[in-house]
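The file my_file_20.pdb comes next; it holds PDB, C-alpha atoms.
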```pdb
MODEL        1
ATOM      1  CA  MET A   1      35.148  15.903 -23.521
ATOM      2  CA  PRO A   2      32.345  14.097 -25.426
ATOM      3  CA  SER A   3      28.788  14.936 -24.422
ATOM      4  CA  LEU A   4      26.746  12.381 -22.491
ATOM      5  CA  VAL A   5      24.373  12.036 -25.451
ATOM      6  CA  SER A   6      27.162  11.238 -27.908
ATOM      7  CA  SER A   7      28.899   8.906 -25.453
ATOM      8  CA  VAL A   8      25.746   6.827 -24.997
ATOM      9  CA  LEU A   9      24.957   6.831 -28.713
ATOM     10  CA  ARG A  10      28.531   5.962 -29.602
ATOM     11  CA  GLU A  11      28.390   2.876 -27.391
ATOM     12  CA  GLN A  12      25.077   1.800 -28.893
ATOM     13  CA  ILE A  13      26.436   2.090 -32.430
ATOM     14  CA  ARG A  14      29.645   0.304 -31.446
ATOM     15  CA  LEU A  15      27.705  -2.630 -30.057
ATOM     16  CA  MET A  16      25.675  -2.855 -33.274
ATOM     17  CA  LYS A  17      28.717  -2.742 -35.583
ATOM     18  CA  PRO A  18      29.269  -6.540 -35.761
ATOM     19  CA  ILE A  19      25.643  -6.950 -36.800
ATOM     20  CA  LEU A  20      25.547  -4.010 -39.197
ATOM     21  CA  THR A  21      28.692  -5.015 -41.055
ATOM     22  CA  LYS A  22      27.831  -8.700 -41.509
ATOM     23  CA  THR A  23      24.211  -8.552 -42.627
ATOM     24  CA  SER A  24      22.596  -9.016 -46.017
ATOM     25  CA  ILE A  25      21.890  -6.038 -48.216
ATOM     26  CA  GLN A  26      18.171  -6.344 -47.475
ATOM     27  CA  THR A  27      18.810  -6.236 -43.735
ATOM     28  CA  SER A  28      21.011  -3.172 -44.230
ATOM     29  CA  ARG A  29      18.171  -1.555 -46.147
ATOM     30  CA  ASN A  30      15.724  -2.300 -43.351
ATOM     31  CA  LEU A  31      18.057  -0.795 -40.762
ATOM     32  CA  GLN A  32      18.529   2.296 -42.924
ATOM     33  CA  GLU A  33      14.773   2.770 -43.072
ATOM     34  CA  ALA A  34      14.523   2.531 -39.284
ATOM     35  CA  LEU A  35      17.180   5.241 -38.923
ATOM     36  CA  GLY A  36      15.346   7.499 -41.353
ATOM     37  CA  GLU A  37      12.038   7.053 -39.579
ATOM     38  CA  LEU A  38      13.706   7.948 -36.286
ATOM     39  CA  GLY A  39      14.984  11.152 -37.833
ATOM     40  CA  ALA A  40      11.566  11.921 -39.275
ATOM     41  CA  LYS A  41       9.897  11.623 -35.859
ATOM     42  CA  THR A  42      12.231  14.186 -34.314
ATOM     43  CA  VAL A  43      11.213  16.910 -36.800
ATOM     44  CA  ALA A  44       7.670  15.867 -37.791
ATOM     45  CA  ALA A  45       6.119  19.017 -36.330
ATOM     46  CA  LYS A  46       8.699  21.286 -37.945
ATOM     47  CA  VAL A  47       8.427  20.295 -41.613
ATOM     48  CA  GLN A  48       5.703  19.619 -44.155
ATOM     49  CA  ARG A  49       6.208  16.527 -46.310
ATOM     50  CA  GLN A  50       5.017  16.096 -49.906
ATOM     51  CA  ASP A  51       5.770  12.814 -51.701
ATOM     52  CA  PHE A  52       5.658  12.380 -55.458
ATOM     53  CA  GLN A  53       7.103  10.223 -58.246
ATOM     54  CA  LEU A  54       9.972  11.560 -60.352
ATOM     55  CA  GLU A  55      10.435   9.356 -63.425
ATOM     56  CA  ASP A  56      11.970   6.039 -62.250
ATOM     57  CA  PHE A  57      12.181   6.801 -58.525
ATOM     58  CA  PRO A  58      10.252   8.360 -55.629
ATOM     59  CA  ALA A  59      10.970  11.870 -54.418
ATOM     60  CA  CYS A  60       9.864  14.066 -51.569
ATOM     61  CA  TRP A  61       9.692  17.753 -50.666
ATOM     62  CA  LEU A  62      10.401  18.741 -47.047
ATOM     63  CA  THR A  63       9.356  22.317 -46.341
ATOM     64  CA  PRO A  64      10.151  23.929 -42.967
ATOM     65  CA  ALA A  65       7.091  25.384 -41.259
ATOM     66  CA  GLU A  66       8.541  28.900 -41.219
ATOM     67  CA  THR A  67       9.617  28.864 -44.887
ATOM     68  CA  THR A  68       7.561  30.451 -47.663
ATOM     69  CA  LEU A  69       7.544  29.153 -51.215
ATOM     70  CA  GLU A  70       8.768  32.595 -52.293
ATOM     71  CA  ASP A  71      12.163  31.825 -50.761
ATOM     72  CA  PRO A  72      14.358  31.218 -53.833
ATOM     73  CA  ARG A  73      16.757  28.896 -51.997
ATOM     74  CA  VAL A  74      16.494  25.139 -52.271
ATOM     75  CA  LEU A  75      18.513  22.120 -51.164
ATOM     76  CA  LEU A  76      18.891  18.899 -53.125
ATOM     77  CA  TYR A  77      19.766  16.139 -50.668
ATOM     78  CA  LEU A  78      21.350  12.897 -51.869
ATOM     79  CA  HIS A  79      21.377  10.217 -49.194
ATOM     80  CA  GLY A  80      24.058   7.782 -48.082
ATOM     81  CA  GLY A  81      23.920   4.002 -47.797
ATOM     82  CA  GLY A  82      26.888   2.801 -49.829
ATOM     83  CA  TYR A  83      24.813   3.027 -53.034
ATOM     84  CA  VAL A  84      23.043  -0.182 -51.946
ATOM     85  CA  ALA A  85      20.616   1.072 -49.266
ATOM     86  CA  GLY A  86      18.312   4.003 -48.690
ATOM     87  CA  SER A  87      14.599   4.107 -49.508
ATOM     88  CA  ILE A  88      12.470   7.250 -49.595
ATOM     89  CA  ARG A  89      11.608   6.561 -45.941
ATOM     90  CA  TYR A  90      15.282   6.877 -45.065
ATOM     91  CA  ALA A  91      15.977   9.811 -47.378
ATOM     92  CA  ALA A  92      12.945  11.792 -46.236
ATOM     93  CA  GLY A  93      13.800  11.203 -42.587
ATOM     94  CA  PHE A  94      17.222  12.790 -42.804
ATOM     95  CA  ALA A  95      16.070  15.359 -45.371
ATOM     96  CA  GLY A  96      13.544  16.478 -42.770
ATOM     97  CA  VAL A  97      16.337  16.916 -40.237
ATOM     98  CA  ILE A  98      18.312  18.962 -42.769
ATOM     99  CA  ALA A  99      15.311  21.136 -43.678
ATOM    100  CA  ALA A 100      14.515  21.765 -40.013
ATOM    101  CA  LYS A 101      18.130  22.594 -39.135
ATOM    102  CA  THR A 102      18.680  24.945 -42.081
ATOM    103  CA  GLY A 103      15.215  26.441 -42.575
ATOM    104  CA  VAL A 104      15.513  25.783 -46.326
ATOM    105  CA  ARG A 105      13.112  23.799 -48.500
ATOM    106  CA  THR A 106      14.707  20.455 -49.338
ATOM    107  CA  LEU A 107      14.141  17.994 -52.170
ATOM    108  CA  CYS A 108      15.258  14.424 -51.556
ATOM    109  CA  ILE A 109      15.151  11.423 -53.851
ATOM    110  CA  ALA A 110      15.441   7.672 -53.433
ATOM    111  CA  TYR A 111      17.755   7.026 -56.349
ATOM    112  CA  ARG A 112      17.915   3.492 -57.732
ATOM    113  CA  LEU A 113      20.176   1.169 -55.760
ATOM    114  CA  ALA A 114      22.877  -1.373 -56.574
ATOM    115  CA  PRO A 115      23.320  -4.213 -57.176
ATOM    116  CA  GLU A 116      19.992  -4.225 -59.024
ATOM    117  CA  HIS A 117      20.863  -0.854 -60.569
ATOM    118  CA  PRO A 118      24.641  -0.333 -60.666
ATOM    119  CA  PHE A 119      26.513   2.766 -61.859
ATOM    120  CA  PRO A 120      25.462   5.033 -63.476
ATOM    121  CA  ALA A 121      21.861   4.637 -62.227
ATOM    122  CA  ALA A 122      22.327   6.694 -59.037
ATOM    123  CA  LEU A 123      24.131   9.434 -60.961
ATOM    124  CA  ASP A 124      21.496   9.470 -63.700
ATOM    125  CA  ASP A 125      18.762   9.861 -61.087
ATOM    126  CA  ALA A 126      20.666  12.666 -59.359
ATOM    127  CA  MET A 127      20.902  14.434 -62.727
ATOM    128  CA  THR A 128      17.158  13.949 -63.279
ATOM    129  CA  ALA A 129      16.422  15.519 -59.880
ATOM    130  CA  TYR A 130      18.701  18.481 -60.584
ATOM    131  CA  GLN A 131      17.135  19.093 -63.988
ATOM    132  CA  TYR A 132      13.709  18.840 -62.355
ATOM    133  CA  LEU A 133      14.680  21.743 -60.086
ATOM    134  CA  LEU A 134      15.856  23.776 -63.080
ATOM    135  CA  GLY A 135      12.560  22.973 -64.795
ATOM    136  CA  GLN A 136      10.673  24.213 -61.737
ATOM    137  CA  GLY A 137      12.243  27.649 -62.209
ATOM    138  CA  TYR A 138      15.173  27.386 -59.822
ATOM    139  CA  HIS A 139      18.510  28.699 -61.069
ATOM    140  CA  GLY A 140      21.804  27.000 -60.370
ATOM    141  CA  SER A 141      22.629  29.907 -58.064
ATOM    142  CA  ASP A 142      19.547  29.029 -55.965
ATOM    143  CA  ILE A 143      20.548  25.386 -55.443
ATOM    144  CA  THR A 144      22.785  23.847 -52.803
ATOM    145  CA  LEU A 145      23.688  20.163 -53.032
ATOM    146  CA  ILE A 146      24.018  18.356 -49.718
ATOM    147  CA  GLY A 147      24.775  14.697 -49.100
ATOM    148  CA  GLU A 148      26.303  12.302 -46.616
ATOM    149  CA  SER A 149      28.545   9.285 -47.199
ATOM    150  CA  ALA A 150      27.816   7.897 -50.683
ATOM    151  CA  GLY A 151      25.516  10.867 -51.212
ATOM    152  CA  GLY A 152      28.393  13.181 -50.323
ATOM    153  CA  GLY A 153      30.437  11.662 -53.111
ATOM    154  CA  LEU A 154      27.455  11.669 -55.455
ATOM    155  CA  ILE A 155      26.967  15.434 -55.194
ATOM    156  CA  LEU A 156      30.539  15.851 -56.455
ATOM    157  CA  SER A 157      30.069  13.300 -59.236
ATOM    158  CA  LEU A 158      26.920  15.168 -60.246
ATOM    159  CA  CYS A 159      28.860  18.423 -60.478
ATOM    160  CA  LEU A 160      31.497  16.771 -62.677
ATOM    161  CA  LEU A 161      28.720  15.552 -64.978
ATOM    162  CA  LEU A 162      26.987  18.941 -65.001
ATOM    163  CA  LYS A 163      30.273  20.618 -65.887
ATOM    164  CA  ALA A 164      30.946  18.148 -68.702
ATOM    165  CA  GLN A 165      27.488  18.761 -70.180
ATOM    166  CA  GLY A 166      27.582  22.546 -69.832
ATOM    167  CA  ILE A 167      24.646  22.667 -67.413
ATOM    168  CA  PRO A 168      24.663  25.484 -64.825
ATOM    169  CA  LEU A 169      26.332  24.376 -61.610
ATOM    170  CA  PRO A 170      24.788  24.784 -58.148
ATOM    171  CA  ALA A 171      25.777  27.596 -55.815
ATOM    172  CA  ARG A 172      27.602  25.418 -53.281
ATOM    173  CA  LEU A 173      28.149  21.940 -51.909
ATOM    174  CA  VAL A 174      27.843  20.614 -48.365
ATOM    175  CA  ALA A 175      29.513  17.226 -48.030
ATOM    176  CA  ILE A 176      28.992  15.269 -44.798
ATOM    177  CA  SER A 177      31.498  12.419 -44.372
ATOM    178  CA  PRO A 178      31.662  12.028 -48.162
ATOM    179  CA  TRP A 179      32.762   8.743 -49.741
ATOM    180  CA  THR A 180      34.860  10.116 -52.586
ATOM    181  CA  ASP A 181      37.294   7.259 -53.261
ATOM    182  CA  LEU A 182      35.754   3.857 -53.972
ATOM    183  CA  THR A 183      39.255   2.431 -54.474
ATOM    184  CA  LEU A 184      39.620   2.742 -50.662
ATOM    185  CA  SER A 185      43.180   4.052 -50.850
ATOM    186  CA  GLY A 186      43.072   6.518 -47.934
ATOM    187  CA  GLU A 187      45.520   5.961 -45.080
ATOM    188  CA  SER A 188      42.729   6.446 -42.544
ATOM    189  CA  MET A 189      41.300   3.119 -43.712
ATOM    190  CA  GLU A 190      43.960   1.536 -41.528
ATOM    191  CA  GLU A 191      44.748   4.359 -39.113
ATOM    192  CA  ASN A 192      41.137   4.583 -37.874
ATOM    193  CA  ARG A 193      40.251   0.920 -38.262
ATOM    194  CA  GLU A 194      40.034   0.317 -34.513
ATOM    195  CA  VAL A 195      38.187   3.527 -33.564
ATOM    196  CA  ASP A 196      35.576   3.687 -36.344
ATOM    197  CA  ILE A 197      32.397   2.434 -34.655
ATOM    198  CA  SER A 198      30.237   1.996 -37.753
ATOM    199  CA  LEU A 199      32.234   1.202 -40.903
ATOM    200  CA  THR A 200      34.743  -1.405 -42.055
ATOM    201  CA  LYS A 201      36.921  -1.480 -45.155
ATOM    202  CA  SER A 202      35.576  -4.904 -46.148
ATOM    203  CA  GLU A 203      32.010  -3.600 -45.954
ATOM    204  CA  LEU A 204      32.840  -0.622 -48.176
ATOM    205  CA  ALA A 205      34.678  -2.873 -50.630
ATOM    206  CA  ALA A 206      31.568  -5.030 -50.944
ATOM    207  CA  TYR A 207      29.400  -1.966 -51.591
ATOM    208  CA  ALA A 208      31.849  -0.649 -54.198
ATOM    209  CA  ALA A 209      31.788  -4.026 -55.946
ATOM    210  CA  CYS A 210      27.991  -3.864 -56.091
ATOM    211  CA  TYR A 211      27.900  -0.323 -57.438
ATOM    212  CA  ALA A 212      30.818  -0.138 -59.852
ATOM    213  CA  PRO A 213      32.766  -3.423 -59.888
ATOM    214  CA  GLU A 214      35.112  -2.496 -62.738
ATOM    215  CA  GLN A 215      34.920   1.290 -62.502
ATOM    216  CA  ALA A 216      35.935   2.283 -58.970
ATOM    217  CA  ALA A 217      38.727   4.585 -60.200
ATOM    218  CA  MET A 218      36.519   6.477 -62.681
ATOM    219  CA  SER A 219      36.033  10.122 -61.756
ATOM    220  CA  LEU A 220      32.234   9.869 -61.924
ATOM    221  CA  VAL A 221      32.420   7.010 -59.399
ATOM    222  CA  SER A 222      35.303   8.313 -57.275
ATOM    223  CA  PRO A 223      35.173  12.106 -57.732
ATOM    224  CA  LEU A 224      38.374  12.499 -55.722
ATOM    225  CA  TRP A 225      40.218  11.560 -58.918
ATOM    226  CA  GLY A 226      38.278  13.921 -61.191
ATOM    227  CA  ASP A 227      39.132  17.336 -62.632
ATOM    228  CA  LEU A 228      37.727  19.520 -59.861
ATOM    229  CA  THR A 229      38.443  22.890 -61.467
ATOM    230  CA  GLY A 230      35.422  25.135 -61.722
ATOM    231  CA  LEU A 231      33.354  23.302 -59.107
ATOM    232  CA  PRO A 232      31.251  25.298 -56.617
ATOM    233  CA  PRO A 233      32.551  26.158 -53.136
ATOM    234  CA  CYS A 234      32.449  23.123 -50.877
ATOM    235  CA  ALA A 235      32.076  22.820 -47.098
ATOM    236  CA  ILE A 236      33.118  19.416 -45.734
ATOM    237  CA  TYR A 237      32.197  17.980 -42.327
ATOM    238  CA  VAL A 238      33.680  14.735 -41.065
ATOM    239  CA  GLY A 239      34.263  12.846 -37.844
ATOM    240  CA  GLY A 240      37.814  12.410 -36.596
ATOM    241  CA  ASP A 241      37.325   8.672 -35.957
ATOM    242  CA  GLU A 242      36.170   7.685 -39.441
ATOM    243  CA  ILE A 243      37.979   5.319 -41.758
ATOM    244  CA  LEU A 244      36.718   7.695 -44.470
ATOM    245  CA  LEU A 245      38.496  10.678 -42.904
ATOM    246  CA  ASP A 246      41.075  10.823 -45.697
ATOM    247  CA  ASP A 247      38.318  10.893 -48.306
ATOM    248  CA  SER A 248      37.476  14.304 -46.858
ATOM    249  CA  ARG A 249      40.995  15.553 -46.156
ATOM    250  CA  ARG A 250      42.247  14.676 -49.626
ATOM    251  CA  LEU A 251      39.110  16.086 -51.238
ATOM    252  CA  CYS A 252      39.596  19.430 -49.519
ATOM    253  CA  ALA A 253      43.266  19.541 -50.555
ATOM    254  CA  ARG A 254      42.472  18.684 -54.183
ATOM    255  CA  LEU A 255      39.681  21.272 -54.353
ATOM    256  CA  LEU A 256      42.007  23.968 -53.045
ATOM    257  CA  ASP A 257      44.706  22.901 -55.506
ATOM    258  CA  ALA A 258      42.102  23.266 -58.275
ATOM    259  CA  GLY A 259      41.292  26.804 -57.148
ATOM    260  CA  VAL A 260      37.924  25.876 -55.619
ATOM    261  CA  PRO A 261      37.030  27.505 -52.272
ATOM    262  CA  ALA A 262      36.815  24.645 -49.782
ATOM    263  CA  THR A 263      36.738  24.218 -46.024
ATOM    264  CA  ILE A 264      36.907  21.153 -43.829
ATOM    265  CA  SER A 265      35.687  20.690 -40.268
ATOM    266  CA  ILE A 266      36.985  17.592 -38.464
ATOM    267  CA  GLU A 267      35.185  16.871 -35.186
ATOM    268  CA  PRO A 268      37.461  14.899 -32.838
ATOM    269  CA  GLY A 269      36.039  11.645 -31.514
ATOM    270  CA  MET A 270      33.010  11.693 -33.810
ATOM    271  CA  TRP A 271      31.852   8.952 -36.130
ATOM    272  CA  HIS A 272      30.598   8.690 -39.701
ATOM    273  CA  ALA A 273      27.883  11.242 -40.630
ATOM    274  CA  TYR A 274      27.570  12.339 -36.994
ATOM    275  CA  LEU A 275      25.747  15.541 -38.006
ATOM    276  CA  LEU A 276      22.584  13.566 -38.680
ATOM    277  CA  TYR A 277      22.391  11.965 -35.228
ATOM    278  CA  GLY A 278      21.294  14.969 -33.177
ATOM    279  CA  VAL A 279      24.402  15.090 -30.968
ATOM    280  CA  PRO A 280      25.456  18.400 -29.342
ATOM    281  CA  GLU A 281      28.834  18.200 -31.106
ATOM    282  CA  ALA A 282      27.002  18.852 -34.391
ATOM    283  CA  ASN A 283      25.349  22.101 -33.319
ATOM    284  CA  ALA A 284      28.220  24.361 -34.380
ATOM    285  CA  ALA A 285      28.359  22.707 -37.798
ATOM    286  CA  TRP A 286      24.639  23.213 -38.366
ATOM    287  CA  ARG A 287      24.913  26.881 -37.379
ATOM    288  CA  GLU A 288      27.753  27.262 -39.836
ATOM    289  CA  ILE A 289      25.812  25.527 -42.623
ATOM    290  CA  LYS A 290      22.781  27.720 -41.991
ATOM    291  CA  THR A 291      24.990  30.811 -42.235
ATOM    292  CA  LEU A 292      26.499  29.563 -45.508
ATOM    293  CA  LEU A 293      23.032  29.174 -47.006
ATOM    294  CA  GLU A 294      22.169  32.752 -46.097
ATOM    295  CA  GLU A 295      25.106  34.217 -47.995
TER     296      GLU A 295
ENDMDL
END
```

Give the structure from the file, written as structure tokens.
Amino acid sequence: MPSLVSSVLREQIRLMKPILTKTSIQTSRNLQEALGELGAKTVAAKVQRQDFQLEDFPACWLTPAETTLEDPRVLLYLHGGGYVAGSIRYAAGFAGVIAAKTGVRTLCIAYRLAPEHPFPAALDDAMTAYQYLLGQGYHGSDITLIGESAGGGLILSLCLLLKAQGIPLPARLVAISPWTDLTLSGESMEENREVDISLTKSELAAYAACYAPEQAAMSLVSPLWGDLTGLPPCAIYVGGDEILLDDSRRLCARLLDAGVPATISIEPGMWHAYLLYGVPEANAAWREIKTLLEE
């Protein structure tokens, strides 16, 4: 039985779907910022924020109040938004939620967006952020990559690039509703078309065309199709009502086939990236993620 909070929120998102899926990219960006600021307000007293510039893009540290800088653990958060939306206001808002929920210092970046900056700009910026952490004295074994939606796919693409270049890989991955297949071939695209309250296939196709119009099947764009051997352990969290559900199910299966430890948690009745919306149904997932980071 869905909680009252999630039932009310679900209806609000459902009513907004026709607007969200038919707006301009700039309007989508504005709405993303509003969501991030809402997240930031909920944890403002629990985290300390430090903004700075990292080469071609803004970045931000979110440090939980109870965390000391001597703690060797760190999260690198890569935000969602279909590769076309997500400013530092959005990224820092949800990064603050993640830092507060996990108790781990979190670096977030506002990587360059398509269509102004198509592939590989977002991936290049993710690599810059990861190398920044290594330059700050963190080891790969100290770093966890976490991302939702496009960011959930980007953390996997980053690992494929790190592996190809012989750079130490992070300790683990946490993928929240990851978009791993920009060719949109998953069966859930049709199976969940009527119950997904926030995404449409046509919307995702438009975003994919902005980001990588001729390269959707490339492994660094759609990591589902990459060589996943040797990647870090991956924990995947996804809502049961998402059209992107098969992006997660197939990812988990392919990771396991490649010998990579992987788990998937599918929350019935939940929507895209539900963990970031403060619903009670996400509490168990956050407890599990916090435990993973303590191992």

Distance query A:Ile143 at most 9 Å, only C-alpha atoms, self and fewer than 3 positions along chain excluded, as a list in words: Pro72, Arg73, Val74, Leu75, Leu76, Tyr130, Leu133, Tyr138, His139, Gly140, Leu169, Pro170, Ala171 and Arg172 of chain A

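Each of A:Ser202, A:Ser28, A:Asn283, A:Gln48 was checked against A:Glu267 using all atoms listed in the file; the smallest atom-to-atom distance is that of A:Asn283.
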
For A:Asp56, find every residue with an atom within 9 Å (counting all atoms listed in the file), except residues of its own chain fewer than 5 positions away, and show them as a ChimeraX atom specification. /A:111-112,125

Would you mind listing, for every residue of stretch 81-134 of chain A within 9 Å of stretch 147-166 of chain A, the two atoms forming the shortest contact and the distance between them in Å to one decimal, using all atoms listed in the file, sorted by chain and ascending residue number, as JSON lines?
```
{"residue": "A:Gly81", "atom": "CA", "partner": "A:Ala150", "partner_atom": "CA", "distance": 6.2}
{"residue": "A:Gly82", "atom": "CA", "partner": "A:Ala150", "partner_atom": "CA", "distance": 5.2}
{"residue": "A:Tyr83", "atom": "CA", "partner": "A:Ala150", "partner_atom": "CA", "distance": 6.2}
{"residue": "A:Ala122", "atom": "CA", "partner": "A:Leu154", "partner_atom": "CA", "distance": 8.0}
{"residue": "A:Leu123", "atom": "CA", "partner": "A:Leu158", "partner_atom": "CA", "distance": 6.4}
{"residue": "A:Asp124", "atom": "CA", "partner": "A:Leu158", "partner_atom": "CA", "distance": 8.6}
{"residue": "A:Ala126", "atom": "CA", "partner": "A:Leu158", "partner_atom": "CA", "distance": 6.8}
{"residue": "A:Met127", "atom": "CA", "partner": "A:Leu158", "partner_atom": "CA", "distance": 6.6}
{"residue": "A:Tyr130", "atom": "CA", "partner": "A:Leu158", "partner_atom": "CA", "distance": 8.9}
```

If we count all atoms listed in the file and set the cut-off at 10 Å, which residues sit around stretch 238-252 of chain A, ignoring sequence neighbours fewer than 3 positions away in its own chain? Please answer as a VMD selection string. chain A and resid 148 to 149 152 to 153 175 to 182 184 to 201 204 222 to 225 228 234 to 235 255 to 258 260 to 275

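Put simply, atom CA of A:Trp61 is 27.9 Å away from atom CA of A:Tyr207.
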
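You can rank A:Ala99, A:Leu231, A:Val5, A:Leu78 by their closest distance to A:Ala282 using only C-alpha atoms, and at the top of that list sits A:Val5.
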
I need the output of the PyMOL selection byres ((chain A and resi 101) around 9) for this file as a ChimeraX atom specification; which residues are they? /A:64,96-100,102-104,286-287,289-290

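The space between atom CA of A:Glu70 and atom CA of A:Arg105 spans 10.5 Å.
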
Excluding A:Tyr211 and any residue of its chain fewer than 5 positions from it, enumerate the residues within 8 Å of it, using only C-alpha atoms, and give them as a PyMOL selection string. chain A and resi 83-84+114-115+117-119

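Shortest atom-to-atom contact with A:Phe57 among A:Gly80, A:Pro213, A:Gly86, A:Pro2: A:Gly86, counting all atoms listed in the file.
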
Starting from the shown file, work through the PyMOL selection byres ((chain A and resi 91) around 10) and note down what comes out as a compact mmCIF listing (two decimals) with C-alpha atoms, keeping the file's coordinate frame.
```txt
# COMPACT_ATOMS: atom_id res chain seq x y z
CA GLN A 32 18.53 2.30 -42.92
CA GLU A 33 14.77 2.77 -43.07
CA LEU A 35 17.18 5.24 -38.92
CA GLY A 36 15.35 7.50 -41.35
CA GLU A 37 12.04 7.05 -39.58
CA GLY A 39 14.98 11.15 -37.83
CA ALA A 40 11.57 11.92 -39.28
CA ALA A 59 10.97 11.87 -54.42
CA CYS A 60 9.86 14.07 -51.57
CA TYR A 77 19.77 16.14 -50.67
CA LEU A 78 21.35 12.90 -51.87
CA HIS A 79 21.38 10.22 -49.19
CA GLY A 80 24.06 7.78 -48.08
CA GLY A 81 23.92 4.00 -47.80
CA GLY A 86 18.31 4.00 -48.69
CA SER A 87 14.60 4.11 -49.51
CA ILE A 88 12.47 7.25 -49.60
CA ARG A 89 11.61 6.56 -45.94
CA TYR A 90 15.28 6.88 -45.06
CA ALA A 92 12.94 11.79 -46.24
CA GLY A 93 13.80 11.20 -42.59
CA PHE A 94 17.22 12.79 -42.80
CA ALA A 95 16.07 15.36 -45.37
CA GLY A 96 13.54 16.48 -42.77
CA LEU A 107 14.14 17.99 -52.17
CA CYS A 108 15.26 14.42 -51.56
CA ILE A 109 15.15 11.42 -53.85
CA ALA A 110 15.44 7.67 -53.43
CA TYR A 111 17.76 7.03 -56.35
```

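Going from atom CA of A:Phe52 over to atom CA of A:Leu134, you cover 17.1 Å.
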
Find, counting all atoms listed in the file, the residue in A:Leu173, A:Leu4, A:Ala209, A:Leu220 that gets nearest to A:Pro233. A:Leu173

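Distances here use all atoms listed in the file; by that measure, the residue among A:Ala216, A:Val8, A:Lys46, A:Tyr237 closest to A:Ala284 is A:Tyr237.
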
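Of the residues under consideration (A:Thr106, A:Leu113, A:Gly137, A:Ser6), A:Leu113 shows the shortest atom-to-atom contact distance to A:Ala208 when counting only C-alpha atoms.
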
Given 8 Å of margin on each side, can you work out the centre and size in Å (one decimal) of an axis-aligned box holding every listed atom of stretch 217-235 of chain A, as lines of an AutoDock Vina configuration file?
```
center_x = 35.7
center_y = 15.4
center_z = -54.9
size_x = 25.0
size_y = 37.6
size_z = 31.6
```

Take stretch 185-198 of chain A, bring it up to N, CA and C atoms, and give me the output as a tab-separated table (two decimals), in the coordinates of the input.
```
chain	number	residue	atom	x	y	z
A	185	SER	N	41.73	3.90	-50.97
A	185	SER	CA	43.18	4.05	-50.85
A	185	SER	C	43.62	4.97	-49.72
A	186	GLY	N	42.70	5.58	-48.99
A	186	GLY	CA	43.07	6.52	-47.93
A	186	GLY	C	43.78	5.84	-46.77
A	187	GLU	N	44.78	6.53	-46.21
A	187	GLU	CA	45.52	5.96	-45.08
A	187	GLU	C	44.66	5.77	-43.84
A	188	SER	N	43.61	6.58	-43.71
A	188	SER	CA	42.73	6.45	-42.54
A	188	SER	C	41.96	5.13	-42.54
A	189	MET	N	41.93	4.44	-43.68
A	189	MET	CA	41.30	3.12	-43.71
A	189	MET	C	41.95	2.19	-42.68
A	190	GLU	N	43.25	2.34	-42.52
A	190	GLU	CA	43.96	1.54	-41.53
A	190	GLU	C	44.15	2.29	-40.22
A	191	GLU	N	44.46	3.58	-40.32
A	191	GLU	CA	44.75	4.36	-39.11
A	191	GLU	C	43.56	4.41	-38.16
A	192	ASN	N	42.34	4.47	-38.71
A	192	ASN	CA	41.14	4.58	-37.87
A	192	ASN	C	40.35	3.28	-37.79
A	193	ARG	N	40.96	2.20	-38.20
A	193	ARG	CA	40.25	0.92	-38.26
A	193	ARG	C	39.70	0.51	-36.90
A	194	GLU	N	40.45	0.76	-35.84
A	194	GLU	CA	40.03	0.32	-34.51
A	194	GLU	C	39.05	1.27	-33.83
A	195	VAL	N	39.03	2.54	-34.26
A	195	VAL	CA	38.19	3.53	-33.56
A	195	VAL	C	36.90	3.85	-34.32
A	196	ASP	N	36.82	3.46	-35.59
A	196	ASP	CA	35.58	3.69	-36.34
A	196	ASP	C	34.52	2.72	-35.82
A	197	ILE	N	33.42	3.26	-35.31
A	197	ILE	CA	32.40	2.43	-34.66
A	197	ILE	C	31.32	1.94	-35.60
A	198	SER	N	31.35	2.36	-36.87
A	198	SER	CA	30.24	2.00	-37.75
A	198	SER	C	30.64	1.40	-39.09
```
